[in-house]
Every structure is written in C-alpha cells, then in structure tokens.
Amino acid sequence: MNKVMFFAHLRDKVGKECLLIEASGKTVAELKAEITKEYSLDKMDTVMTAINEEFAGNEEIIQDEDVIAFIPPVSGG
Amino acid sequence: MNKVMFFAHLRDKVGKECLLIEASGKTVAELKAEITKEYSLDKMDTVMTAINEEFAGNEEIIQDEDVIAFIPPVSGG
Amino acid sequence: MNYEISKEAIDIQAIINKVVRRDVGAITTFIGTVRELTKGKKTLFLIYEAYESMAVKKLEQIGKEIEERWQGSVVAITHRVGRLEITDVAVVIAVSTPHRADAYEANRYAIERIKEIVPIWKKEHWEDGESWMGNQLETVAYPKGRPEEKDLNE
Amino acid sequence: MNYEISKEAIDIQAIINKVVRRDVGAITTFIGTVRELTKGKKTLFLIYEAYESMAVKKLEQIGKEIEERWQGSVVAITHRVGRLEITDVAVVIAVSTPHRADAYEANRYAIERIKEIVPIWKKEHWEDGESWMGNQLETVAYPKGRPEEKDLNE
C-alpha cells in the first residue's frame, strides 16, 4: 500500500490530508493522472511530486510502501 | 581659539586628545603642515580633516571657534 | 539542529547564535515578515502550512549547497508555520562567512531557493475571503513532475 | 535614534525592531563580529574608538543616502566602542525594504560606506603587541584632505 499526501489547495479539493492507495508498479505520471481525474483537479502541470520526501520525475516507478506527496507551487519565505 | 582633535595612532603620537590652538585664518593644509612638522607625523596624506564634524578640503579656511579633527583611515565595521 | 520548522515565534538571536564562529567576522540575516498590503489588498493574517519532514530536508539541502559554494560558510534557517499576524516573523536565515560579500550572496541564494523547493505554503486571509498562494506569478510548470536543473540553478 | 554609538553590548533584536514596518516584508541585517584570526595572526581582543558625535552624523548620512536610493527603505545602525572580545558584536546594520533584493543591496552599501567615512578606529591587541588598524590596505590617500566624489560613490 502507498500513502498519498496532499497539501494546500490540493488538500482542500481532495478533502483529505492523505489517501491509502495501492500504487506500486505505477509511474508517478500514471498515479497523477488517476488522481487528477478522480478529484477533478486542475493546473496539475504546476504540481511537483515527491517520493519519500525527495522530488521525483514523472517516469519514476512507485514501489510498495513508498510515500507519495503532491507538492503545489510553494510559497514559503 | 580652535580645538584640534586627534584620534587613534595620531593621538598616541601627539600624546593628547586635543590641543587648543589659534588657527583662524589658516587653511586646513597650513594647519596640517604645522602639526605634521611639530609632532613629526607621517603618512599624513592618508589623514582626512573635519571641521565641525564635516569633512573639509585642504583649501578651506578655518574660522574662530571651529573644531578641527584629524581623521586617520577609519577601520570600523 | 540548524534547520527547523517552528510552530512558535522565532527567536532571531537564537538563530544567529547557531552561526557565530571565532574565525568568521561577517554574519547576515534575512528576516521575512508578514506584510499587510500585497498588490493593494489588505491581509488580515496568514496561515503557513508545511510538509514538515520534507521541508526540513530541503532546508538542509540548501544549507549544504551554500556550504559547498561559499567556502567556510555556516547556515541556519528556521521557518515558522501556523497562524501569523501582520509583522510576525515567517522566516529567519542566518549565514556567516569569512568574507562579507559572500555573506550577502549566500543569504540571498538561500531565500531564492526556499521559494523554489521547500514545501511550505501560505494562505492569505482577507476581509472578503482567503486563498492559498502559489509561486508569485504561477508561471512555473513542472512537466516532468519535478524541478529541472535549469530551475534549480537560476 | 536609528543611528547610535554604543558602549554596551548591542541588542540585535532591538535594532531590528527599529526597521519593522507593517507594509514591508523583507529585513536584512549585517552583524560584524570580532574575529580571532586575521591573516594568521591571533587577536586577543580589540578596542574600538570613535569620534562619537561625528560618527553618529555620518551614520545618519549613510541612512539618508540609502533611503534616497532605495525607495521605501528604513535603516538602523549601531556600532559598539570600547573593549570587545572574540565573537563580540561590533556593528549591526538593519535595513527593511519593500523588495527583498533591495534589502541585500542597501545593507551591503551601508557596510561599505561605514568602512569609508565613519570615524571609528580599531586597535588590535595580540600576544606580542598592539596596533591601530587603518583601512584594510592603507592604500587610500586623500590628497585634498577629504574623500572625493569618486571615493564616495564606489
């Protein structure tokens, strides 16, 4: 199983801080596309992805137990 | 009369914080030359002069009651 | 613990103390405070949210980048989260370096990098609503899903 | 009282507080501390001496120059005098500006100007002696008796 985390406006849209999903074997892009469709998310091309707290490319393949986080454009500082 | 102030190594060389001198009517350059000679000061071309707490040029003429200060290269900060 | 996310008010002196060294004479700090007006709109207060564990890692990464690029530098960064009022301190960056020019450059690098890669988000609250802020122009897209070299080195 | 010469230890937070504004989000500070080693020579302690009344005027002048050049900026500077130990804070410069790039540039300008025109002198004490420090290279001469435009604008 995989924990998928949402922040800022994505959290508001999805309505949850995180989901538990079986995503192992999928690429980041595939998972992103599924979530985008299921929750009618937009502007997802500005959203980065992290696997286990490191930024990950779209082609990276998710392993079992990986923690995925979708990272909207940041605004700290 | 004029108060003439010395700082840092100039103070050490002159041996006083200040002198009372009759300097009115003299230019800054004239006063500087006199003091340089009297106290065997060197490197005086790196020393700036202030009249009443403002930097003054060598040609400026000293008025009665003006406070003169010789300002060695500064090293604050 | 030079890199922290804090739920409490930041003690600026404590951050500075982390970078004081006997052989380094120049320290710069950047202090980001909550501004009342942004583009003419009046903010009442802000909420900062962080992906805390990753944010600390990314602050550490920025510190490492600086210590590699500016020899002898020492960095400490604390970013606050939660509700902040106008003039509250959101972030403090302290950098000490042997040469003072570097202290300014390295510090500037840190704030720019924070705005690029540290997972922290700001929600502005106004009299007539609220909104999560994206990057300032919302123009940066990440088609590959992560920041690219180009973005990272700007 | 944004420009001061202090005989006591400088309270950095107090200097920062002088430049906090509701509509300004970026504050930089420069903190100059006493370094133990300079060119391999070990300093035991320093004495700073100032022509105090003129030094305050010159700090005010630097502040005015900055506020004219960087719109909306606010400046506070305190320089300490007397005996300072290694790591003691000699000078604190705080600058707030509407835009963060300006906060770095304006602050840098302040420290460079202090090193040019503010009548403060440093005496280094080593194990084997002591000496008043001139400007770092002792190469600047003032044949006309005062800093020239060229020197002032560098």
# chains A, B, ... in the order shown; residues from 1 in each chain; ligands from 1
$ select_by_dssp --residues "chain C" --states "alpha helix (DSSP H)" --output "PyMOL selection string"
chain C and resi 12-17+52-69+100-117+149-153
$ closest_atom_pairs --of "chain D" --to "chain A" --cutoff "12 Å" --atoms "only C-alpha atoms" --output "JSON lines"
{"residue": "D:Gly25", "atom": "CA", "partner": "A:Gly77", "partner_atom": "CA", "distance": 9.8}
{"residue": "D:Ala26", "atom": "CA", "partner": "A:Gly77", "partner_atom": "CA", "distance": 9.7}
{"residue": "D:Ile27", "atom": "CA", "partner": "A:Gly77", "partner_atom": "CA", "distance": 12.0}
{"residue": "D:Arg100", "atom": "CA", "partner": "A:Gly77", "partner_atom": "CA", "distance": 10.7}
$ select_by_dssp --residues "region 1-39 of chain C" --states "strand (DSSP E or B)" --output "list in words"
Tyr3, Glu4, Ile5, Ser6, Ala26, Ile27, Thr28, Thr29, Phe30, Ile31, Gly32, Thr33, Leu37 and Thr38 of chain C
$ write_last_selection --atoms "C-alpha atoms" --output "PDB file, in the first residue's frame"
ATOM      1  CA  TYR C   3      17.261  23.766  10.030  1.00  0.00           C
ATOM      2  CA  GLU C   4      13.861  23.870  11.655  1.00  0.00           C
ATOM      3  CA  ILE C   5      10.166  24.338  11.122  1.00  0.00           C
ATOM      4  CA  SER C   6       8.707  26.070  14.166  1.00  0.00           C
ATOM      5  CA  ALA C  26      30.541  38.563   8.935  1.00  0.00           C
ATOM      6  CA  ILE C  27      27.003  37.382   9.582  1.00  0.00           C
ATOM      7  CA  THR C  28      23.971  38.337   7.515  1.00  0.00           C
ATOM      8  CA  THR C  29      20.383  37.569   8.318  1.00  0.00           C
ATOM      9  CA  PHE C  30      17.258  37.693   6.223  1.00  0.00           C
ATOM     10  CA  ILE C  31      14.043  38.169   8.159  1.00  0.00           C
ATOM     11  CA  GLY C  32      10.793  37.728   6.273  1.00  0.00           C
ATOM     12  CA  THR C  33       7.851  39.393   7.999  1.00  0.00           C
ATOM     13  CA  LEU C  37      -0.660  45.041   1.826  1.00  0.00           C
ATOM     14  CA  THR C  38       0.092  42.887  -1.189  1.00  0.00           C
TER      15      THR C  38
END
$ calpha_fit_and_write --fixed "chain B" --moving "chain A" --output "short mmCIF file (atom, residue, chain, number, x, y, z; two decimals) with C-alpha atoms, in the first residue's frame"
data_model
loop_
_atom_site.label_atom_id
_atom_site.label_comp_id
_atom_site.auth_asym_id
_atom_site.auth_seq_id
_atom_site.Cartn_x
_atom_site.Cartn_y
_atom_site.Cartn_z
CA MET A 1 40.76 79.81 19.58
CA ASN A 2 40.35 76.39 17.97
CA LYS A 3 40.08 72.93 19.38
CA VAL A 4 42.14 70.42 17.35
CA MET A 5 41.31 66.76 17.93
CA PHE A 6 43.38 63.64 17.33
CA PHE A 7 42.34 60.00 17.11
CA ALA A 8 43.85 56.52 17.00
CA HIS A 9 47.56 56.47 16.16
CA LEU A 10 47.68 60.27 15.80
CA ARG A 11 46.51 60.61 19.40
CA ASP A 12 49.23 58.22 20.52
CA LYS A 13 51.86 60.19 18.59
CA VAL A 14 50.72 63.65 19.67
CA GLY A 15 50.19 62.37 23.20
CA LYS A 16 46.97 64.33 23.65
CA GLU A 17 43.32 64.01 22.74
CA CYS A 18 43.19 67.64 21.70
CA LEU A 19 45.06 70.90 21.56
CA LEU A 20 43.87 74.48 21.83
CA ILE A 21 45.44 76.45 18.99
CA GLU A 22 44.85 79.83 17.40
CA ALA A 23 44.24 78.67 13.84
CA SER A 24 41.64 81.05 12.48
CA GLY A 25 42.53 82.44 9.08
CA LYS A 26 44.69 79.47 8.21
CA THR A 27 43.76 76.88 5.63
CA VAL A 28 43.35 73.25 6.59
CA ALA A 29 46.53 72.49 4.62
CA GLU A 30 48.53 75.08 6.54
CA LEU A 31 47.37 73.79 9.92
CA LYS A 32 48.01 70.22 8.85
CA ALA A 33 51.56 71.10 7.74
CA GLU A 34 52.31 72.83 11.05
CA ILE A 35 51.05 69.97 13.15
CA THR A 36 52.80 67.41 10.98
CA LYS A 37 56.11 69.19 11.48
CA GLU A 38 55.69 69.90 15.19
CA TYR A 39 54.82 66.30 16.09
CA SER A 40 56.87 64.54 13.40
CA LEU A 41 53.78 62.83 11.99
CA ASP A 42 53.97 60.65 8.89
CA LYS A 43 51.53 59.25 6.33
CA MET A 44 49.55 62.45 6.68
CA ASP A 45 48.33 62.19 3.07
CA THR A 46 46.02 59.40 4.25
CA VAL A 47 44.60 61.58 7.01
CA MET A 48 41.31 63.40 6.39
CA THR A 49 40.26 66.57 8.14
CA ALA A 50 36.92 67.52 9.62
CA ILE A 51 35.74 71.01 10.53
CA ASN A 52 32.80 70.98 12.93
CA GLU A 53 32.19 67.29 12.26
CA GLU A 54 32.09 67.58 8.46
CA PHE A 55 34.89 66.54 6.11
CA ALA A 56 36.76 69.62 4.84
CA GLY A 57 39.02 70.22 1.86
CA ASN A 58 42.62 71.39 2.19
CA GLU A 59 41.78 74.89 0.94
CA GLU A 60 39.05 75.56 3.44
CA ILE A 61 39.81 78.47 5.74
CA ILE A 62 39.44 77.88 9.44
CA GLN A 63 37.19 80.28 11.36
CA ASP A 64 37.44 81.23 15.01
CA GLU A 65 35.82 78.60 17.26
CA ASP A 66 35.86 75.94 14.52
CA VAL A 67 36.57 72.48 15.88
CA ILE A 68 39.16 70.70 13.76
CA ALA A 69 39.64 66.93 13.78
CA PHE A 70 42.29 64.89 12.02
CA ILE A 71 40.78 61.61 10.88
CA PRO A 72 43.18 58.74 10.15
CA PRO A 73 41.98 55.99 7.79
CA VAL A 74 38.93 54.57 9.50
CA SER A 75 38.57 50.91 10.44
CA GLY A 76 35.08 50.49 11.82
CA GLY A 77 32.60 47.88 10.71
#
$ closest_residue --among "C:Ser96, C:Gln61, C:Gly40, C:Ile86" --to "Arg22 (chain D)" --atoms "only C-alpha atoms"
C:Ile86
$ residues_around --residues "Asn2 (chain C)" --least-positions-apart "5" --cutoff "9 Å" --atoms "only C-alpha atoms" --output "list in words"
Ile15, Lys18, Val19, Glu60, Gly63, Val75, Ala76, Ile77 and Thr78 of chain C
$ closest_residue --among "C:Ala103, C:Val95, C:Leu44, C:Ile120" --to "Val20 (chain C)" --atoms "only C-alpha atoms"
C:Val95
$ closest_residue --among "D:Glu124, D:Asp23, D:Asn107, D:Glu112" --to "Arg83 (chain D)" --atoms "only C-alpha atoms"
D:Glu124
$ closest_residue --among "C:Trp126, C:Tyr104, C:Tyr48, C:Tyr109" --to "chain D" --atoms "only C-alpha atoms"
C:Tyr104
$ atom_distance --atom1 "CA of Glu85 (chain C)" --atom2 "CA of Ser53 (chain C)"
24.5 Å
